[in-house]
$ cat my_file.txt   # compact mmCIF, C-alpha atoms (C1' of nucleotides)
# COMPACT_ATOMS: atom_id res chain seq x y z
CA MET A 1 0.00 0.00 0.00
CA SER A 2 1.11 3.59 0.63
CA GLY A 3 0.87 4.20 -3.08
CA LYS A 4 3.85 5.18 -5.16
CA ALA A 5 7.51 4.52 -4.59
CA SER A 6 9.51 7.14 -6.42
CA THR A 7 10.87 4.97 -9.21
CA LEU A 8 10.55 1.41 -7.94
CA ALA A 9 12.23 -0.79 -5.39
CA PRO A 10 15.91 -0.19 -6.07
CA PHE A 11 17.32 -2.21 -3.28
CA GLN A 12 14.20 -2.85 -1.27
CA LEU A 13 13.57 -5.97 -3.31
CA CYS A 14 16.56 -7.68 -1.78
CA SER A 15 15.53 -6.77 1.72
CA LEU A 16 11.94 -7.82 1.20
CA ILE A 17 12.92 -11.16 -0.26
CA GLY A 18 15.38 -11.84 2.51
CA ARG A 19 12.98 -11.03 5.27
CA ILE A 20 10.19 -13.07 3.72
CA ARG A 21 12.49 -16.02 3.44
CA ASN A 22 13.46 -15.77 7.09
CA GLU A 23 9.86 -15.39 8.19
CA LEU A 24 8.82 -18.36 6.09
CA HIS A 25 11.49 -20.54 7.68
CA ALA A 26 10.65 -19.31 11.17
CA ASN A 27 6.93 -19.77 10.66
CA ILE A 28 7.31 -23.29 9.37
CA GLU A 29 9.65 -24.36 12.15
CA GLN A 30 7.39 -22.78 14.71
CA GLU A 31 4.42 -24.57 13.20
CA LEU A 32 6.34 -27.84 13.33
CA THR A 33 7.36 -27.54 16.96
CA ARG A 34 3.86 -26.43 17.85
CA GLN A 35 2.74 -29.80 16.48
CA GLY A 36 5.41 -31.53 18.52
CA PHE A 37 7.90 -32.25 15.74
CA GLU A 38 11.56 -31.45 16.30
CA LEU A 39 12.49 -30.78 12.70
CA GLY A 40 14.55 -28.08 11.09
CA PHE A 41 13.33 -26.39 7.95
CA THR A 42 15.69 -28.24 5.67
CA GLN A 43 14.82 -31.60 7.16
CA TYR A 44 11.20 -30.77 6.55
CA VAL A 45 11.84 -29.93 2.92
CA ALA A 46 13.85 -33.09 2.39
CA LEU A 47 11.15 -35.29 3.86
CA LYS A 48 8.57 -33.52 1.76
CA LYS A 49 10.53 -34.08 -1.43
CA LEU A 50 11.10 -37.73 -0.64
CA GLY A 51 7.43 -38.17 0.16
CA THR A 52 6.08 -36.58 -2.98
CA GLU A 53 8.74 -37.67 -5.45
CA GLY A 54 9.46 -41.12 -4.05
CA PRO A 55 12.85 -42.69 -3.41
CA MET A 56 15.76 -41.17 -5.25
CA THR A 57 19.51 -40.94 -5.32
CA ALA A 58 21.35 -38.71 -2.87
CA GLY A 59 22.62 -36.59 -5.73
CA GLU A 60 19.16 -36.15 -7.14
CA LEU A 61 17.88 -35.05 -3.77
CA ALA A 62 20.76 -32.61 -3.41
CA ARG A 63 19.93 -31.11 -6.77
CA LEU A 64 16.24 -30.80 -5.95
CA LEU A 65 17.05 -29.05 -2.69
CA HIS A 66 19.72 -26.89 -4.34
CA HIS A 67 22.18 -28.18 -1.83
CA ASN A 68 25.75 -29.29 -2.15
CA PRO A 69 26.60 -32.95 -1.56
CA GLY A 70 28.45 -32.34 1.67
CA ALA A 71 25.52 -30.64 3.32
CA LEU A 72 23.27 -33.42 2.12
CA THR A 73 25.38 -36.15 3.67
CA ARG A 74 25.01 -34.56 7.10
CA LEU A 75 21.33 -33.93 6.56
CA LEU A 76 20.85 -37.59 5.75
CA ASP A 77 22.91 -38.55 8.80
CA LYS A 78 20.42 -36.78 11.02
CA LEU A 79 17.35 -38.09 9.25
CA GLU A 80 18.69 -41.62 9.27
CA GLN A 81 19.63 -41.36 12.92
CA GLN A 82 16.03 -40.43 13.70
CA ASP A 83 14.89 -43.40 11.60
CA TYR A 84 12.94 -41.33 9.10
CA VAL A 85 15.10 -42.32 6.16
CA ARG A 86 17.14 -45.27 4.93
CA ARG A 87 20.25 -45.38 2.76
CA VAL A 88 19.89 -48.39 0.48
CA PRO A 89 22.71 -49.32 -1.86
CA ASP A 90 21.62 -48.86 -5.44
CA PRO A 91 21.60 -52.26 -7.12
CA GLY A 92 22.57 -50.87 -10.51
CA ASP A 93 25.40 -48.57 -9.43
CA ARG A 94 27.59 -49.36 -6.47
CA ARG A 95 28.56 -45.72 -6.03
CA ALA A 96 25.01 -44.53 -5.63
CA LEU A 97 22.50 -44.73 -2.80
CA ARG A 98 18.77 -44.96 -2.92
CA ILE A 99 17.31 -42.71 -0.25
CA GLU A 100 13.91 -43.88 0.85
CA LEU A 101 11.52 -43.02 3.62
CA THR A 102 11.11 -45.59 6.39
CA ALA A 103 7.65 -46.48 7.63
CA SER A 104 7.85 -43.86 10.37
CA GLY A 105 9.28 -41.38 7.90
CA ARG A 106 6.29 -41.87 5.65
CA ALA A 107 3.96 -41.51 8.62
CA LEU A 108 5.71 -38.34 9.66
CA TRP A 109 5.56 -36.96 6.16
CA LYS A 110 1.80 -37.26 6.06
CA ARG A 111 1.50 -35.43 9.35
CA ILE A 112 3.82 -32.52 8.55
CA ASN A 113 2.42 -31.74 5.13
CA ALA A 114 -0.35 -29.70 6.66
CA CYS A 115 2.16 -27.49 8.49
CA GLY A 116 3.70 -26.13 5.34
CA GLU A 117 0.34 -25.62 3.73
CA ARG A 118 -0.91 -23.70 6.71
CA VAL A 119 2.05 -21.36 6.51
CA ALA A 120 1.70 -20.89 2.76
CA GLU A 121 -1.97 -20.18 3.22
CA ARG A 122 -1.20 -17.64 5.88
CA ALA A 123 1.43 -16.00 3.71
CA LEU A 124 -1.04 -15.54 0.87
CA GLU A 125 -3.90 -14.39 3.02
CA ARG A 126 -5.82 -11.45 1.63
CA SER A 127 -4.54 -12.09 -1.87
CA THR A 128 -6.95 -13.06 -4.62
CA GLU A 129 -6.42 -16.06 -6.83
CA LYS A 130 -5.42 -13.73 -9.64
CA GLU A 131 -2.85 -11.96 -7.49
CA ARG A 132 -1.34 -15.26 -6.40
CA THR A 133 -0.73 -16.48 -9.89
CA GLN A 134 0.62 -13.08 -10.83
CA LEU A 135 2.97 -13.12 -7.87
CA GLN A 136 4.23 -16.51 -8.92
CA SER A 137 4.73 -15.37 -12.49
CA LEU A 138 6.57 -12.21 -11.46
CA LEU A 139 8.83 -14.10 -9.08
CA SER A 140 9.58 -16.73 -11.67
CA ARG A 141 10.63 -14.04 -14.08
CA VAL A 142 12.91 -12.50 -11.47
CA LEU A 143 14.53 -15.85 -10.82
CA ASP A 144 15.04 -16.43 -14.51
CA ASN A 145 16.67 -13.03 -14.91
CA LEU A 146 19.07 -13.71 -12.08
CA ARG A 147 19.97 -17.22 -13.14
CA GLN A 148 20.71 -16.19 -16.67
CA SER A 149 23.58 -13.99 -15.57
CA ASP A 150 25.48 -16.70 -13.76
CA MET B 1 5.34 -17.91 -18.07
CA SER B 2 3.69 -21.21 -19.03
CA GLY B 3 0.31 -19.80 -18.00
CA LYS B 4 -1.80 -21.38 -15.31
CA ALA B 5 -0.85 -23.26 -12.18
CA SER B 6 -3.73 -25.50 -11.14
CA THR B 7 -4.78 -23.71 -7.97
CA LEU B 8 -1.83 -21.58 -6.93
CA ALA B 9 1.61 -21.99 -5.42
CA PRO B 10 1.03 -24.22 -2.40
CA PHE B 11 4.57 -24.72 -1.40
CA GLN B 12 6.32 -23.37 -4.44
CA LEU B 13 6.30 -19.92 -2.89
CA CYS B 14 8.81 -20.97 -0.29
CA SER B 15 11.10 -22.52 -2.84
CA LEU B 16 10.90 -19.55 -5.20
CA ILE B 17 11.62 -17.05 -2.46
CA GLY B 18 14.54 -19.08 -1.18
CA ARG B 19 16.13 -19.46 -4.56
CA ILE B 20 15.70 -15.81 -5.43
CA ARG B 21 17.33 -14.84 -2.18
CA ASN B 22 20.30 -17.05 -2.87
CA GLU B 23 20.64 -15.78 -6.41
CA LEU B 24 20.43 -12.19 -5.24
CA HIS B 25 23.22 -12.75 -2.74
CA ALA B 26 25.34 -14.59 -5.26
CA ASN B 27 24.79 -11.99 -7.96
CA ILE B 28 25.69 -9.11 -5.69
CA GLU B 29 28.83 -10.77 -4.36
CA GLN B 30 29.84 -11.68 -7.86
CA GLU B 31 29.25 -8.13 -9.00
CA LEU B 32 31.34 -6.87 -6.10
CA THR B 33 34.28 -9.14 -6.77
CA ARG B 34 34.06 -8.33 -10.45
CA GLN B 35 34.63 -4.72 -9.48
CA GLY B 36 37.55 -5.76 -7.33
CA PHE B 37 35.91 -5.48 -3.91
CA GLU B 38 36.34 -8.32 -1.44
CA LEU B 39 33.10 -7.87 0.43
CA GLY B 40 30.51 -10.33 1.60
CA PHE B 41 26.86 -9.62 1.10
CA THR B 42 26.23 -8.66 4.71
CA GLN B 43 29.20 -6.34 4.81
CA TYR B 44 27.83 -4.67 1.72
CA VAL B 45 24.43 -4.17 3.29
CA ALA B 46 25.93 -2.79 6.48
CA LEU B 47 28.05 -0.27 4.60
CA LYS B 48 25.05 0.72 2.55
CA LYS B 49 22.93 1.31 5.63
CA LEU B 50 25.62 3.34 7.31
CA GLY B 51 26.11 5.38 4.19
CA THR B 52 22.49 6.23 3.60
CA GLU B 53 21.32 6.53 7.20
CA GLY B 54 24.44 8.07 8.67
CA PRO B 55 26.20 7.07 11.90
CA MET B 56 24.17 5.10 14.37
CA THR B 57 24.42 2.86 17.39
CA ALA B 58 25.45 -0.77 17.04
CA GLY B 59 22.05 -1.86 18.32
CA GLU B 60 20.25 0.31 15.80
CA LEU B 61 22.32 -1.12 12.99
CA ALA B 62 21.62 -4.64 14.19
CA ARG B 63 17.91 -3.93 14.18
CA LEU B 64 18.02 -2.43 10.70
CA LEU B 65 19.86 -5.46 9.38
CA HIS B 66 17.60 -7.85 11.32
CA HIS B 67 20.67 -9.31 12.89
CA ASN B 68 21.43 -10.38 16.43
CA PRO B 69 24.00 -8.42 18.42
CA GLY B 70 26.57 -11.21 18.44
CA ALA B 71 26.69 -11.44 14.68
CA LEU B 72 26.94 -7.68 14.44
CA THR B 73 29.93 -7.49 16.74
CA ARG B 74 31.87 -9.80 14.47
CA LEU B 75 30.70 -8.00 11.37
CA LEU B 76 31.96 -4.73 12.82
CA ASP B 77 35.23 -6.41 13.76
CA LYS B 78 35.84 -7.21 10.11
CA LEU B 79 34.75 -3.83 8.80
CA GLU B 80 36.84 -2.00 11.38
CA GLN B 81 39.82 -4.19 10.65
CA GLN B 82 39.57 -3.19 6.99
CA ASP B 83 39.30 0.44 8.10
CA TYR B 84 35.88 1.04 6.59
CA VAL B 85 34.22 1.74 9.91
CA ARG B 86 35.04 3.24 13.30
CA ARG B 87 33.62 2.46 16.75
CA VAL B 88 33.32 5.76 18.58
CA PRO B 89 32.21 5.81 22.20
CA ASP B 90 28.83 7.48 22.49
CA PRO B 91 29.25 10.65 24.57
CA GLY B 92 25.78 10.41 26.08
CA ASP B 93 25.79 6.72 27.04
CA ARG B 94 28.94 4.96 28.01
CA ARG B 95 27.49 1.54 27.12
CA ALA B 96 26.74 2.50 23.56
CA LEU B 97 28.91 2.94 20.48
CA ARG B 98 28.50 5.23 17.54
CA ILE B 99 29.34 3.36 14.35
CA GLU B 100 30.50 5.67 11.62
CA LEU B 101 32.10 5.26 8.23
CA THR B 102 35.73 6.24 7.90
CA ALA B 103 36.86 8.30 4.94
CA SER B 104 37.76 5.19 2.97
CA GLY B 105 34.51 3.58 4.05
CA ARG B 106 32.57 6.50 2.63
CA ALA B 107 34.58 6.34 -0.56
CA LEU B 108 33.91 2.62 -0.83
CA TRP B 109 30.23 3.12 -0.18
CA LYS B 110 29.89 5.44 -3.16
CA ARG B 111 31.60 2.95 -5.40
CA ILE B 112 29.62 -0.12 -4.41
CA ASN B 113 26.20 1.46 -4.59
CA ALA B 114 26.11 0.90 -8.31
CA CYS B 115 26.71 -2.82 -7.86
CA GLY B 116 23.49 -3.38 -5.96
CA GLU B 117 21.53 -1.25 -8.37
CA ARG B 118 22.86 -3.17 -11.32
CA VAL B 119 21.72 -6.43 -9.79
CA ALA B 120 18.30 -5.04 -8.86
CA GLU B 121 17.93 -3.73 -12.39
CA ARG B 122 18.86 -7.10 -13.80
CA ALA B 123 16.41 -8.85 -11.48
CA LEU B 124 13.55 -6.67 -12.66
CA GLU B 125 14.42 -6.82 -16.33
CA ARG B 126 11.46 -7.30 -18.61
CA SER B 127 9.04 -6.10 -15.97
CA THR B 128 7.05 -2.94 -16.53
CA GLU B 129 6.93 -0.15 -14.01
CA LYS B 130 3.42 -1.22 -13.09
CA GLU B 131 4.48 -4.81 -12.50
CA ARG B 132 7.36 -3.69 -10.30
CA THR B 133 5.20 -1.69 -7.96
CA GLN B 134 2.69 -4.51 -7.92
CA LEU B 135 5.39 -7.01 -7.05
CA GLN B 136 6.53 -4.81 -4.21
CA SER B 137 3.00 -4.43 -2.91
CA LEU B 138 2.28 -8.16 -3.09
CA LEU B 139 5.53 -9.02 -1.33
CA SER B 140 4.90 -6.44 1.37
CA ARG B 141 1.54 -7.99 2.03
CA VAL B 142 3.09 -11.44 2.30
CA LEU B 143 5.64 -10.16 4.77
CA ASP B 144 2.95 -8.48 6.84
CA ASN B 145 0.92 -11.67 6.93
CA LEU B 146 3.87 -13.69 8.15
CA ARG B 147 5.02 -11.20 10.74
CA GLN B 148 1.59 -10.89 12.25
CA SER B 149 1.61 -14.49 13.33
CA ASP B 150 4.81 -14.30 15.31
C1' DG C 1 21.89 7.28 48.01
C1' DC C 2 20.98 2.20 47.19
C1' DA C 3 19.39 -2.03 45.62
C1' DC C 4 17.50 -3.90 41.42
C1' DA C 5 15.86 -4.44 36.83
C1' DA C 6 16.71 -3.24 32.03
C1' DT C 7 19.92 -2.28 28.32
C1' DT C 8 24.53 -2.28 25.43
C1' DG C 9 27.91 -4.63 23.43
C1' DT C 10 31.06 -8.76 23.75
C1' DT C 11 32.20 -13.60 24.08
C1' DG C 12 31.69 -18.75 23.96
C1' DC C 13 29.41 -22.53 22.08
C1' DC C 14 26.78 -24.66 18.59
C1' DT C 15 24.45 -25.53 14.05
C1' DT C 16 24.11 -24.86 9.18
C1' DG C 17 25.92 -24.74 4.86
C1' DA C 18 29.79 -23.96 1.31
C1' DC C 19 33.99 -25.62 -0.77
C1' DA C 20 37.86 -28.68 -1.64
C1' DA C 21 40.21 -32.98 -1.15
C1' DC C 22 39.54 -37.79 -1.04
C1' DT C 23 37.82 -42.85 -1.88
C1' DG C 24 35.47 -45.93 -4.49
C1' DT C 25 33.01 -46.94 -8.80
C1' DT C 26 31.74 -46.46 -13.58
C1' DG C 27 32.31 -45.74 -18.40
C1' DC C 28 34.96 -44.36 -22.30
C1' DT C 29 39.01 -44.76 -25.40
C1' DG C 30 42.99 -46.43 -27.04
C1' DC D 1 41.91 -54.95 -21.03
C1' DA D 2 44.66 -50.85 -19.38
C1' DG D 3 44.39 -46.24 -18.43
C1' DC D 4 41.93 -42.38 -17.40
C1' DA D 5 38.35 -39.04 -16.99
C1' DA D 6 33.88 -38.43 -14.91
C1' DC D 7 30.85 -39.29 -11.22
C1' DA D 8 28.72 -40.57 -6.20
C1' DG D 9 29.08 -39.89 -1.67
C1' DT D 10 31.97 -38.83 2.50
C1' DT D 11 35.00 -36.09 5.29
C1' DG D 12 37.75 -31.95 6.88
C1' DT D 13 37.89 -27.21 7.23
C1' DC D 14 35.99 -22.83 7.25
C1' DA D 15 32.76 -18.68 7.59
C1' DA D 16 28.17 -16.95 8.92
C1' DG D 17 24.79 -16.57 12.12
C1' DG D 18 21.74 -17.87 16.32
C1' DC D 19 21.47 -18.17 21.28
C1' DA D 20 22.71 -17.82 26.03
C1' DA D 21 25.81 -16.12 29.50
C1' DC D 22 28.37 -12.18 30.84
C1' DA D 23 30.38 -7.33 32.26
C1' DA D 24 29.52 -2.65 32.20
C1' DT D 25 26.34 1.00 32.40
C1' DT D 26 21.88 3.23 32.95
C1' DG D 27 17.57 4.24 35.04
C1' DT D 28 13.94 3.44 38.52
C1' DG D 29 11.68 2.79 43.02
C1' DC D 30 12.38 2.84 47.81
$ encode --input "my_file.txt" --output "structure tokens"
Amino acid sequence: MSGKASTLAPFQLCSLIGRIRNELHANIEQELTRQGFELGFTQYVALKKLGTEGPMTAGELARLLHHNPGALTRLLDKLEQQDYVRRVPDPGDRRALRIELTASGRALWKRINACGERVAERALERSTEKERTQLQSLLSRVLDNLRQSD
Amino acid sequence: MSGKASTLAPFQLCSLIGRIRNELHANIEQELTRQGFELGFTQYVALKKLGTEGPMTAGELARLLHHNPGALTRLLDKLEQQDYVRRVPDPGDRRALRIELTASGRALWKRINACGERVAERALERSTEKERTQLQSLLSRVLDNLRQSD
DNA sequence: GCACAATTGTTGCCTTGACAACTGTTGCTG
DNA sequence: CAGCAACAGTTGTCAAGGCAACAATTGTGC
């Protein structure tokens, strides 16, 4: 609101994006602990990916999460230690691992899905359907612009 | 692009925001090093704030950067060590410090401002003036929604 | 003026994530 | 099939940042 910025958001964009990211992470973790789950944001995302996409290789998961392999190894260590995830040797390639949810991991996944949706719903409160799709399209364009210049 | 998402962005919002944030940071740091400056993103933001807002207390700066005091102390250590910033005892309150740019800090500030603007300009390429203000307004609303629920 | 709570900046400890070096495996090429 | 480059995952090392404990200072209520 508050009408017109002089030209546009010169640097404000960066600040807005950063703060929204932090609030999103904080909101999701807070929602998780409120439900009694002791999960970090990244663990949540990993479980979600594994739940929706099915078992996959560690490298694939790293790429989906935009994470480097080293960080992923430690993430998997924690998830495996909590028995949410299993590292199964890939039968076709002895270098690779199949990462799959355990039974309790799958159960957990079903129960935490609602947390993320609640937060997303809250974030988009008071925005019409049209505005939501427009927001997504504008953000996608921004991401494309930034990735191009790598 | 690609038209219509079925309902909206259920979880995609989080992923988009996160990736844009990372790309923004990476682009700005890359732009800085390309110009020969060895600055991290946070150091850049701190210098920018000090340049535009003028000298201020360490606590104020921390609040503006949405940073905790511990992180700020170390950030100031680095900036002071590079002689971009000075910690001056506040005359009115012996607990507090006035953080001010040194001469070379002010000179640096003028030279790095363009870097951030270049990146912001690149990020908003191919977006009309109208779309830019709309993006800002939509993002502001999202941030408000998320902060309310703290 | 004196205890006591609040505030300012600093420090220690910990977690997260990035990057490079490394091991083991695969696939390609001669 | 020998050699070698590419790839998968792990580990070490590092920087950034969060959080709690702390010392110094301020302000408040008695």
$ interface_residues --input "my_file.txt" --of "chain D" --to "chain B" --cutoff "8 Å" --atoms "all atoms listed in the file" --output "PyMOL selection string"
chain D and resi 17-18+24-26
$ interface_residues --input "my_file.txt" --of "chain C" --to "chain B" --cutoff "12 Å" --atoms "all atoms listed in the file" --output "number ranges by chain"
C: 7-12
$ calpha_fit_rmsd --input "my_file.txt" --fixed "chain A" --moving "chain B"
0.2 Å
$ atom_distance --input "my_file.txt" --atom1 "atom CA of B:Asn22" --atom2 "atom CA of B:Val45"
14.9 Å
$ residues_around --input "my_file.txt" --residues "C:DC28" --least-positions-apart "3" --cutoff "10 Å" --atoms "all atoms listed in the file" --output "VMD selection string"
chain D and resid 4 to 6
$ residues_around --input "my_file.txt" --residues "A:Leu61" --least-positions-apart "5" --cutoff "9 Å" --atoms "all atoms listed in the file" --output "PyMOL selection string"
chain A and resi 46+49-50+56+66-67+72+99
$ interface_residues --input "my_file.txt" --of "chain B" --to "chain A" --cutoff "9 Å" --atoms "all atoms listed in the file" --output "number ranges by chain"
B: 1-5, 7-27, 30, 65-66, 116-117, 119-127, 129, 131-147, 149-150
$ residues_around --input "my_file.txt" --residues "B:Glu80" --least-positions-apart "3" --cutoff "10 Å" --atoms "only C-alpha atoms (C1' of nucleotides)" --output "PyMOL selection string"
chain B and resi 74-77+83-87+99-102+105
$ atom_distance --input "my_file.txt" --atom1 "atom CA of A:Lys110" --atom2 "atom CA of A:Pro89"
25.4 Å
$ decode --input "my_file.txt" --residues "stretch 81-107 of chain B" --atoms "N, CA and C atoms" --output "mmCIF file, in the first residue's frame"
data_model
loop_
_atom_site.group_PDB
_atom_site.id
_atom_site.type_symbol
_atom_site.label_atom_id
_atom_site.label_comp_id
_atom_site.auth_asym_id
_atom_site.auth_seq_id
_atom_site.Cartn_x
_atom_site.Cartn_y
_atom_site.Cartn_z
ATOM 1 N N GLN B 81 38.497 -3.696 10.980
ATOM 2 C CA GLN B 81 39.820 -4.192 10.646
ATOM 3 C C GLN B 81 40.242 -3.772 9.237
ATOM 4 N N GLN B 82 39.267 -3.648 8.350
ATOM 5 C CA GLN B 82 39.566 -3.186 6.992
ATOM 6 C C GLN B 82 39.530 -1.665 6.901
ATOM 7 N N ASP B 83 39.293 -1.026 8.030
ATOM 8 C CA ASP B 83 39.301 0.437 8.096
ATOM 9 C C ASP B 83 38.187 1.071 7.270
ATOM 10 N N TYR B 84 37.035 0.424 7.244
ATOM 11 C CA TYR B 84 35.882 1.035 6.592
ATOM 12 C C TYR B 84 34.968 1.705 7.601
ATOM 13 N N VAL B 85 35.192 1.376 8.887
ATOM 14 C CA VAL B 85 34.224 1.737 9.912
ATOM 15 C C VAL B 85 34.976 2.028 11.197
ATOM 16 N N ARG B 86 34.413 2.874 12.054
ATOM 17 C CA ARG B 86 35.041 3.235 13.302
ATOM 18 C C ARG B 86 34.023 3.067 14.419
ATOM 19 N N ARG B 87 34.482 2.520 15.563
ATOM 20 C CA ARG B 87 33.622 2.459 16.748
ATOM 21 C C ARG B 87 33.970 3.637 17.646
ATOM 22 N N VAL B 88 33.081 4.579 17.772
ATOM 23 C CA VAL B 88 33.320 5.760 18.579
ATOM 24 C C VAL B 88 32.440 5.681 19.826
ATOM 25 N N PRO B 89 33.034 5.868 20.998
ATOM 26 C CA PRO B 89 32.210 5.810 22.204
ATOM 27 C C PRO B 89 31.145 6.901 22.175
ATOM 28 N N ASP B 90 29.942 6.519 22.488
ATOM 29 C CA ASP B 90 28.834 7.476 22.494
ATOM 30 C C ASP B 90 28.994 8.407 23.689
ATOM 31 N N PRO B 91 29.017 9.714 23.463
ATOM 32 C CA PRO B 91 29.247 10.649 24.568
ATOM 33 C C PRO B 91 28.121 10.630 25.602
ATOM 34 N N GLY B 92 26.907 10.331 25.172
ATOM 35 C CA GLY B 92 25.778 10.415 26.083
ATOM 36 C C GLY B 92 25.500 9.132 26.854
ATOM 37 N N ASP B 93 26.086 8.010 26.410
ATOM 38 C CA ASP B 93 25.785 6.715 27.036
ATOM 39 C C ASP B 93 27.031 5.849 26.922
ATOM 40 N N ARG B 94 27.646 5.634 28.057
ATOM 41 C CA ARG B 94 28.939 4.956 28.008
ATOM 42 C C ARG B 94 28.844 3.481 27.650
ATOM 43 N N ARG B 95 27.613 2.918 27.611
ATOM 44 C CA ARG B 95 27.485 1.541 27.125
ATOM 45 C C ARG B 95 27.532 1.505 25.609
ATOM 46 N N ALA B 96 27.018 2.534 24.997
ATOM 47 C CA ALA B 96 26.737 2.498 23.560
ATOM 48 C C ALA B 96 27.925 2.937 22.714
ATOM 49 N N LEU B 97 27.882 2.569 21.446
ATOM 50 C CA LEU B 97 28.911 2.942 20.479
ATOM 51 C C LEU B 97 28.252 3.631 19.297
ATOM 52 N N ARG B 98 28.912 4.644 18.807
ATOM 53 C CA ARG B 98 28.497 5.227 17.544
ATOM 54 C C ARG B 98 29.321 4.569 16.448
ATOM 55 N N ILE B 99 28.640 3.973 15.471
ATOM 56 C CA ILE B 99 29.342 3.362 14.354
ATOM 57 C C ILE B 99 29.329 4.346 13.210
ATOM 58 N N GLU B 100 30.479 4.730 12.736
ATOM 59 C CA GLU B 100 30.505 5.670 11.616
ATOM 60 C C GLU B 100 31.501 5.216 10.571
ATOM 61 N N LEU B 101 31.207 5.585 9.328
ATOM 62 C CA LEU B 101 32.098 5.261 8.228
ATOM 63 C C LEU B 101 33.368 6.094 8.342
ATOM 64 N N THR B 102 34.497 5.468 8.042
ATOM 65 C CA THR B 102 35.728 6.237 7.904
ATOM 66 C C THR B 102 35.727 6.910 6.530
ATOM 67 N N ALA B 103 36.773 7.662 6.252
ATOM 68 C CA ALA B 103 36.859 8.300 4.937
ATOM 69 C C ALA B 103 36.879 7.246 3.836
ATOM 70 N N SER B 104 37.688 6.201 4.027
ATOM 71 C CA SER B 104 37.760 5.189 2.971
ATOM 72 C C SER B 104 36.469 4.381 2.923
ATOM 73 N N GLY B 105 35.800 4.254 4.057
ATOM 74 C CA GLY B 105 34.509 3.578 4.048
ATOM 75 C C GLY B 105 33.493 4.354 3.227
ATOM 76 N N ARG B 106 33.509 5.677 3.401
ATOM 77 C CA ARG B 106 32.568 6.501 2.634
ATOM 78 C C ARG B 106 32.898 6.438 1.151
ATOM 79 N N ALA B 107 34.181 6.432 0.849
ATOM 80 C CA ALA B 107 34.575 6.337 -0.562
ATOM 81 C C ALA B 107 34.114 5.001 -1.144
#
